[in-house]
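Visitor: This one is target_34.txt, compact mmCIF, C-alpha atoms.
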```
# COMPACT_ATOMS: atom_id res chain seq x y z
CA MET A 1 -21.27 103.54 -13.09
CA SER A 2 -19.54 100.59 -14.61
CA GLU A 3 -18.37 100.52 -18.20
CA ALA A 4 -17.87 97.34 -20.18
CA THR A 5 -15.03 97.20 -22.64
CA SER A 6 -17.03 94.91 -24.89
CA GLN A 7 -20.59 93.68 -25.10
CA ALA A 8 -19.52 90.10 -25.54
CA GLU A 9 -16.24 88.37 -26.13
CA GLY A 10 -15.21 88.80 -29.76
CA SER A 11 -17.95 91.37 -30.50
CA VAL A 12 -17.71 95.09 -31.10
CA MET A 13 -19.47 97.44 -28.71
CA LYS A 14 -21.98 99.56 -30.61
CA THR A 15 -22.41 103.06 -29.26
CA ALA A 16 -25.18 105.62 -29.56
CA VAL A 17 -24.73 109.29 -28.69
CA VAL A 18 -27.89 111.13 -27.62
CA THR A 19 -27.62 114.89 -27.17
CA GLY A 20 -30.17 116.44 -24.85
CA ALA A 21 -30.54 113.10 -23.07
CA SER A 22 -31.39 114.70 -19.73
CA GLY A 23 -34.73 115.94 -21.13
CA GLY A 24 -37.93 113.93 -21.34
CA ILE A 25 -37.72 112.91 -25.00
CA GLY A 26 -33.95 112.39 -24.86
CA SER A 27 -34.24 110.20 -21.77
CA ALA A 28 -36.84 107.99 -23.43
CA ILE A 29 -34.66 107.65 -26.54
CA ALA A 30 -31.64 106.71 -24.41
CA GLN A 31 -33.70 104.09 -22.58
CA ARG A 32 -34.91 102.56 -25.84
CA LEU A 33 -31.48 102.46 -27.48
CA ALA A 34 -29.97 100.89 -24.34
CA ALA A 35 -32.70 98.24 -24.45
CA ASP A 36 -31.79 97.69 -28.12
CA GLY A 37 -28.24 96.82 -27.03
CA PHE A 38 -26.35 100.06 -27.55
CA ALA A 39 -23.89 101.58 -25.12
CA VAL A 40 -25.39 105.04 -24.67
CA ILE A 41 -23.51 108.30 -24.31
CA ALA A 42 -26.09 110.46 -22.55
CA GLY A 43 -25.30 114.05 -23.45
CA TYR A 44 -26.35 116.89 -21.20
CA HIS A 45 -25.69 120.62 -21.08
CA ARG A 46 -26.35 121.68 -17.47
CA ALA A 47 -28.42 118.88 -15.88
CA ALA A 48 -25.55 116.62 -14.81
CA GLU A 49 -27.46 114.98 -11.95
CA ARG A 50 -30.38 114.07 -14.18
CA ALA A 51 -28.01 112.58 -16.75
CA ASP A 52 -26.20 110.56 -14.07
CA SER A 53 -29.52 109.27 -12.77
CA LEU A 54 -30.57 108.31 -16.29
CA VAL A 55 -27.35 106.41 -16.95
CA ALA A 56 -27.71 104.51 -13.67
CA SER A 57 -31.18 103.35 -14.79
CA LEU A 58 -30.22 102.13 -18.26
CA PRO A 59 -30.20 98.40 -18.98
CA GLY A 60 -26.96 96.86 -20.22
CA GLN A 61 -23.44 98.18 -19.86
CA GLY A 62 -21.03 100.77 -21.23
CA HIS A 63 -23.24 103.80 -20.63
CA ARG A 64 -21.94 107.15 -19.44
CA ALA A 65 -23.05 110.74 -19.03
CA VAL A 66 -21.02 113.35 -20.90
CA ARG A 67 -21.42 117.10 -21.04
CA ILE A 68 -22.22 117.87 -24.66
CA ALA A 69 -23.01 121.54 -25.22
CA VAL A 70 -23.98 121.65 -28.90
CA ASP A 71 -23.53 125.43 -28.91
CA GLU A 72 -19.90 124.99 -27.82
CA PRO A 73 -17.90 123.28 -30.61
CA PRO A 74 -14.95 122.46 -28.27
CA SER A 75 -17.21 120.15 -26.26
CA LEU A 76 -18.03 118.25 -29.47
CA ASP A 77 -14.34 117.99 -30.32
CA GLU A 78 -13.67 116.60 -26.84
CA LEU A 79 -16.43 114.04 -27.35
CA SER A 80 -14.95 112.97 -30.68
CA LEU A 81 -11.51 112.52 -29.14
CA SER A 82 -12.94 110.54 -26.24
CA LEU A 83 -14.81 108.21 -28.58
CA GLU A 84 -11.74 107.73 -30.77
CA GLN A 85 -9.89 106.47 -27.71
CA SER A 86 -12.71 104.18 -26.59
CA PRO A 87 -13.38 100.61 -27.71
CA GLY A 88 -16.20 99.89 -30.10
CA SER A 89 -17.77 101.97 -32.83
CA LEU A 90 -20.07 104.97 -33.08
CA ASP A 91 -23.18 103.71 -34.82
CA VAL A 92 -25.93 106.17 -33.88
CA LEU A 93 -26.09 109.91 -33.30
CA VAL A 94 -29.41 111.31 -32.10
CA ASN A 95 -29.56 115.10 -32.19
CA CYS A 96 -32.20 115.75 -29.53
CA ALA A 97 -30.89 118.90 -27.84
CA GLY A 98 -33.12 121.86 -28.60
CA MET A 99 -34.64 125.01 -27.17
CA THR A 100 -37.54 127.38 -27.61
CA ARG A 101 -39.78 129.79 -25.76
CA SER A 102 -43.32 130.89 -26.37
CA VAL A 103 -43.71 134.07 -28.42
CA PRO A 104 -46.97 134.90 -30.26
CA HIS A 105 -46.39 134.74 -34.00
CA ASP A 106 -47.85 138.19 -34.57
CA ASP A 107 -45.67 139.84 -31.92
CA LEU A 108 -42.63 140.47 -34.09
CA ASP A 109 -40.96 142.82 -31.61
CA ALA A 110 -41.04 140.23 -28.82
CA LEU A 111 -39.02 137.80 -30.93
CA ASP A 112 -35.73 139.59 -30.39
CA ASP A 113 -32.48 138.89 -32.22
CA ALA A 114 -30.86 137.22 -29.22
CA THR A 115 -33.67 134.67 -28.97
CA ILE A 116 -33.58 134.01 -32.70
CA ASP A 117 -29.83 133.44 -32.61
CA GLU A 118 -30.09 131.12 -29.60
CA ILE A 119 -32.81 129.04 -31.25
CA PHE A 120 -30.90 128.63 -34.51
CA THR A 121 -27.60 128.01 -32.74
CA THR A 122 -29.10 125.19 -30.69
CA ASN A 123 -31.67 123.73 -33.09
CA TRP A 124 -29.78 123.95 -36.39
CA ARG A 125 -26.11 124.76 -35.97
CA GLY A 126 -25.81 122.39 -33.01
CA PRO A 127 -26.91 119.26 -34.89
CA PHE A 128 -24.75 120.22 -37.86
CA ALA A 129 -21.74 120.77 -35.60
CA ALA A 130 -22.31 117.40 -33.94
CA VAL A 131 -22.38 115.60 -37.29
CA ARG A 132 -19.31 117.52 -38.46
CA ALA A 133 -17.35 116.63 -35.31
CA LEU A 134 -18.33 112.95 -35.38
CA ARG A 135 -18.42 112.28 -39.12
CA THR A 136 -15.13 110.35 -39.26
CA LEU A 137 -16.28 108.03 -36.48
CA LEU A 138 -19.69 107.55 -38.08
CA ASP A 139 -18.04 106.68 -41.39
CA LYS A 140 -16.19 103.85 -39.63
CA ALA A 141 -19.28 102.24 -38.09
CA HIS A 142 -19.33 98.45 -38.12
CA GLY A 143 -22.16 96.41 -39.56
CA ALA A 144 -23.86 96.10 -42.91
CA GLN A 145 -26.28 98.98 -42.24
CA GLY A 146 -23.59 101.53 -41.45
CA ALA A 147 -24.27 104.44 -39.11
CA VAL A 148 -27.38 106.57 -38.75
CA VAL A 149 -28.00 110.15 -37.66
CA VAL A 150 -31.48 110.89 -36.32
CA ASN A 151 -32.45 114.54 -36.03
CA ILE A 152 -35.37 115.24 -33.69
CA SER A 153 -37.42 117.76 -35.63
CA SER A 154 -41.03 118.95 -35.27
CA VAL A 155 -44.20 119.09 -37.30
CA SER A 156 -43.87 122.86 -36.77
CA GLY A 157 -41.29 122.85 -39.54
CA VAL A 158 -44.08 121.89 -41.96
CA THR A 159 -47.15 123.59 -40.52
CA GLY A 160 -45.54 126.87 -39.43
CA GLN A 161 -47.47 126.55 -36.18
CA GLY A 162 -45.48 126.29 -32.97
CA SER A 163 -43.97 128.12 -30.02
CA ASN A 164 -42.64 130.96 -32.18
CA VAL A 165 -41.74 131.85 -35.76
CA ALA A 166 -38.02 131.20 -35.30
CA TYR A 167 -38.62 127.77 -33.78
CA CYS A 168 -40.75 126.73 -36.75
CA ALA A 169 -38.11 128.03 -39.15
CA SER A 170 -35.31 126.24 -37.28
CA LYS A 171 -37.10 122.90 -37.59
CA ALA A 172 -37.76 123.46 -41.30
CA ALA A 173 -34.05 124.18 -41.68
CA LEU A 174 -33.23 121.01 -39.74
CA ASP A 175 -35.35 118.94 -42.12
CA SER A 176 -33.63 120.54 -45.09
CA MET A 177 -30.26 119.72 -43.54
CA THR A 178 -31.40 116.13 -43.08
CA ARG A 179 -32.01 115.83 -46.81
CA SER A 180 -28.75 117.53 -47.75
CA LEU A 181 -26.60 115.43 -45.40
CA ALA A 182 -28.38 112.24 -46.41
CA ARG A 183 -27.07 112.84 -49.91
CA ALA A 184 -23.65 114.09 -48.80
CA LEU A 185 -22.88 111.29 -46.33
CA ALA A 186 -24.26 108.33 -48.29
CA PRO A 187 -23.72 105.45 -48.47
CA SER A 188 -21.89 104.99 -45.15
CA VAL A 189 -24.20 107.18 -43.03
CA ARG A 190 -27.97 107.46 -43.18
CA VAL A 191 -29.65 110.68 -42.01
CA VAL A 192 -33.32 110.83 -41.01
CA SER A 193 -35.58 113.31 -39.22
CA VAL A 194 -38.10 112.10 -36.65
CA SER A 195 -40.77 114.80 -36.53
CA PRO A 196 -43.20 114.77 -33.58
CA GLY A 197 -46.25 116.90 -33.06
CA TRP A 198 -47.12 117.95 -29.53
CA VAL A 199 -45.42 115.61 -27.06
CA LEU A 200 -46.76 115.21 -23.54
CA GLY A 201 -43.86 116.16 -21.30
CA GLU A 202 -41.95 119.05 -19.79
CA TYR A 203 -42.79 121.72 -22.36
CA ALA A 204 -46.43 120.65 -22.69
CA ASP A 205 -46.75 121.00 -18.91
CA GLN A 206 -46.18 124.75 -19.32
CA VAL A 207 -49.05 125.16 -21.79
CA PRO A 208 -52.69 125.77 -20.77
CA SER A 209 -54.69 122.54 -20.72
CA GLU A 210 -57.37 124.12 -22.92
CA TYR A 211 -54.80 124.61 -25.68
CA LEU A 212 -53.64 121.00 -25.45
CA ASP A 213 -57.24 119.82 -25.51
CA ALA A 214 -57.76 121.73 -28.75
CA GLN A 215 -54.63 120.16 -30.24
CA ARG A 216 -55.81 116.73 -29.18
CA SER A 217 -59.29 117.19 -30.64
CA GLY A 218 -57.74 118.38 -33.91
CA THR A 219 -55.55 115.29 -34.24
CA PRO A 220 -57.06 112.46 -36.32
CA LEU A 221 -55.75 109.74 -33.98
CA GLY A 222 -57.34 111.50 -31.02
CA ARG A 223 -54.38 111.92 -28.70
CA LEU A 224 -51.02 113.62 -28.36
CA ALA A 225 -47.68 111.87 -28.65
CA THR A 226 -45.81 110.43 -25.69
CA VAL A 227 -42.05 110.40 -25.28
CA ASP A 228 -42.21 106.65 -25.88
CA ASP A 229 -43.86 107.24 -29.27
CA VAL A 230 -40.85 109.31 -30.28
CA ALA A 231 -38.37 106.79 -28.86
CA SER A 232 -40.09 103.97 -30.74
CA ALA A 233 -39.76 105.89 -34.00
CA VAL A 234 -36.05 106.45 -33.40
CA SER A 235 -35.57 102.76 -32.65
CA ALA A 236 -37.42 101.82 -35.83
CA VAL A 237 -35.25 104.13 -37.93
CA VAL A 238 -32.09 102.65 -36.42
CA ARG A 239 -33.05 98.96 -36.51
CA ASP A 240 -35.84 98.40 -39.01
CA LEU A 241 -35.44 100.92 -41.84
CA PRO A 242 -31.99 100.21 -43.32
CA PHE A 243 -32.99 101.49 -46.77
CA THR A 244 -34.39 104.81 -45.55
CA THR A 245 -32.40 108.03 -45.66
CA GLY A 246 -33.27 111.69 -46.20
CA ALA A 247 -36.78 111.03 -44.95
CA ILE A 248 -38.94 112.95 -42.49
CA ILE A 249 -40.71 110.41 -40.26
CA SER A 250 -43.83 111.96 -38.74
CA VAL A 251 -44.91 111.09 -35.20
CA ASP A 252 -47.87 113.45 -34.99
CA GLY A 253 -51.06 111.37 -35.14
CA GLY A 254 -51.90 112.98 -38.47
CA ARG A 255 -52.06 116.41 -36.88
CA PRO A 256 -51.53 118.41 -40.13
CA LEU A 257 -54.58 116.65 -41.59
CA GLY A 258 -56.71 118.07 -38.82
CA LEU A 259 -55.69 121.69 -39.27
CA THR A 260 -58.53 124.00 -40.27
```
Show how you would write the structure in this file as structure tokens.
Guide:
Amino acid sequence: MSEATSQAEGSVMKTAVVTGASGGIGSAIAQRLAADGFAVIAGYHRAAERADSLVASLPGQGHRAVRIAVDEPPSLDELSLSLEQSPGSLDVLVNCAGMTRSVPHDDLDALDDATIDEIFTTNWRGPFAAVRALRTLLDKAHGAQGAVVVNISSVSGVTGQGSNVAYCASKAALDSMTRSLARALAPSVRVVSVSPGWVLGEYADQVPSEYLDAQRSGTPLGRLATVDDVASAVSAVVRDLPFTTGAIISVDGGRPLGLT
């Protein structure tokens, strides 16, 4: 995998970090940001081969796969140090790493403390720790628009309907953090949540088709989101919405409007 030291002579390489890039949504976001001209740091936790394969497929130059375990603060510190020693600037951080498992909402005993802690550690503390570790670099971003943090949230944070109670709560907390950090980091860093509904991909493949059909029929736009829908929203936040911060951008086909 080759790395360019600059995108063009006399220009500054703009870099985007995507945590959870080895997953379906993260991979699509990395592809879109690479097409938009960013050097992409594709973060992975355990799926090194998938991350390497992703990086090899990205258009442009300067991409690399890096182990970024958001539940291990030392790995974030190592990332920060590596970026400090690299050419260019850190312009985009996409917090896409997340986890969940299916637990019926009325089965309170099945949602054990260990699962709750893992969900909040990954889905809330992890994004916060990433911003904390990379804040100085984000503050130094080149360009009139400054840097942007995009948190991949979920409509579950609003509707309270999702894989389990803790997952819904973690996404609500993530949206609240988005608003708080948007105020705290302004004006040099914008912070926005991109909030999908059901996304056709790895997790949806584990769900009965009848359930997905019901979700689809209850969505005003008549379909479920694709990973490219989410990637397009992230690209729009980064490139086309320079005066937007602290917002929750829905990518759900109007799903909450169809709830009965």
Visitor: For CA of Pro59 in chain A and CA of Val92 in chain A, determine how far apart the two atoms are, in Å to one decimal place.
Guide: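 Computing it gives 17.3 Å between the two atoms.
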Visitor: Smallest atom-to-atom distance to Met177 in chain A: which of A:Val103, A:Ile152, A:Ala21, A:Leu221, using all atoms listed in the file?
Guide: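 Smallest distance to Met177 in chain A is found for A:Ile152.
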Visitor: So which one's closest to Leu185 in chain A, A:Val66, A:Ala39, A:Leu134, A:Val251? Using all atoms listed in the file, please.
Guide: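 Checking each candidate against Leu185 in chain A, we get A:Leu134 as the closest.
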Visitor: Using only C-alpha atoms, pick whichever of A:Ala166, A:Leu108, A:Leu181, A:Ala133 has the shortest atom-to-atom distance to Ser75 in chain A.
Guide: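 Once distances to Ser75 in chain A are computed over only C-alpha atoms, the minimum belongs to A:Ala133.
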Visitor: Go through A:Ser57, A:Thr19, A:Asn164, A:Gln31 one by one, measure the shortest atom-to-atom distance of each to Ala97 in chain A using all atoms listed in the file, and give the residue with the smallest value.
Guide: A:Thr19
Visitor: So what do you get for CA of Cys168 in chain A versus CA of Ser80 in chain A, distance-wise?
Guide: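 Rounded to one decimal, the two atoms are 29.9 Å apart.
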Visitor: Rounded to one decimal place, report the CA of Pro187 in chain A-CA of Val149 in chain A distance in Å.
Guide: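 Interatomic distance here is 12.5 Å.
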Visitor: Find the residues near range 202-206 of chain A: any atom within 12 Å, counting all atoms listed in the file, skip ones fewer than 2 places away on the same chain, and give them as number ranges by chain.
Guide: A: 22-27, 98-102, 162-163, 197-200, 208-213, 215, 224-227
Visitor: Could you check which of A:Met13, A:Val131, A:Ala28, A:Leu81 is closest to Thr178 in chain A, using all atoms listed in the file?
Guide: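 Nearest candidate to Thr178 in chain A out of A:Met13, A:Val131, A:Ala28, A:Leu81: A:Val131.
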Visitor: Residues at most 8 Å from Val189 in chain A, counting only C-alpha atoms, excluding those fewer than 4 positions away in the same chain, as JSON, numbers by chain?
Guide: {"A": [138, 139, 146, 147, 148, 149, 182, 185]}
Visitor: Tell me which of A:Gly218, A:Gly201, A:Gly160, A:Pro127 sits closest to Glu72 in chain A, counting only C-alpha atoms.
Guide: A:Pro127
Visitor: So that I can check the surroundings of Ser193 in chain A, please list as number ranges by chain every protein, DNA and RNA residue that reaches within 8 Å of it, counting only C-alpha atoms and ignoring chain neighbours fewer than 4 positions away.
Guide: A: 150-153, 175, 178, 246-249
Visitor: Could you turn the residues from that selection into a file that holds C-alpha atoms, as a short mmCIF file (atom, residue, chain, number, x, y, z; two decimals), in the frame of the given file?
Guide:
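out00.cif written:
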```
data_model
loop_
_atom_site.label_atom_id
_atom_site.label_comp_id
_atom_site.auth_asym_id
_atom_site.auth_seq_id
_atom_site.Cartn_x
_atom_site.Cartn_y
_atom_site.Cartn_z
CA VAL A 150 -31.48 110.89 -36.32
CA ASN A 151 -32.45 114.54 -36.03
CA ILE A 152 -35.37 115.24 -33.69
CA SER A 153 -37.42 117.76 -35.63
CA ASP A 175 -35.35 118.94 -42.12
CA THR A 178 -31.40 116.13 -43.08
CA GLY A 246 -33.27 111.69 -46.20
CA ALA A 247 -36.78 111.03 -44.95
CA ILE A 248 -38.94 112.95 -42.49
CA ILE A 249 -40.71 110.41 -40.26
#
```
Visitor: Counting all atoms listed in the file, note down every residue that has an atom within 10 Å of the point (-15.1, 115.9, -30.3) (file coordinates), as a ChimeraX atom specification.
Guide: /A:68,73-84,129-130,132-134
Visitor: With the cut-off set at 10 Å and counting only C-alpha atoms, tabulate each residue of range 31-103 of chain A with an atom at most that distance from an atom of range 229-245 of chain A, showing the nearest atom pair and its distance in Å to one decimal, ordered by chain and increasing number, as a tab-separated table.
Guide:
```
residue	atom	partner	partner_atom	distance
A:Gln31	CA	A:Ala231	CA	8.3
A:Arg32	CA	A:Ala231	CA	6.2
A:Leu33	CA	A:Ser235	CA	6.6
A:Ala35	CA	A:Ser235	CA	9.8
A:Asp36	CA	A:Ser235	CA	7.8
A:Asp91	CA	A:Val238	CA	9.1
A:Val92	CA	A:Val238	CA	7.5
A:Leu93	CA	A:Val238	CA	9.9
A:Val94	CA	A:Val234	CA	8.3
```
Visitor: Write out the residues from the selection above, keeping C-alpha atoms, as a JSON list (two decimals), keeping the file's coordinate frame.
Guide:
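Dumped everything to out-v3.json:
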```
[["chain", "number", "residue", "atom", "x", "y", "z"],
["A", 31, "GLN", "CA", -33.70, 104.09, -22.58],
["A", 32, "ARG", "CA", -34.91, 102.56, -25.84],
["A", 33, "LEU", "CA", -31.48, 102.46, -27.48],
["A", 35, "ALA", "CA", -32.70, 98.24, -24.45],
["A", 36, "ASP", "CA", -31.79, 97.69, -28.12],
["A", 91, "ASP", "CA", -23.18, 103.71, -34.82],
["A", 92, "VAL", "CA", -25.93, 106.17, -33.88],
["A", 93, "LEU", "CA", -26.09, 109.91, -33.30],
["A", 94, "VAL", "CA", -29.41, 111.31, -32.10]]
```
Visitor: Report, as JSON, the centre and edge lengths in Å (one decimal) of the axis-aligned box enclosing every listed atom of range 93-97 of chain A, padded by 3 Å on each side.
Guide:
```
{"center_x": -29.1, "center_y": 114.4, "center_z": -30.6, "size_x": 12.1, "size_y": 15.0, "size_z": 11.5}
```
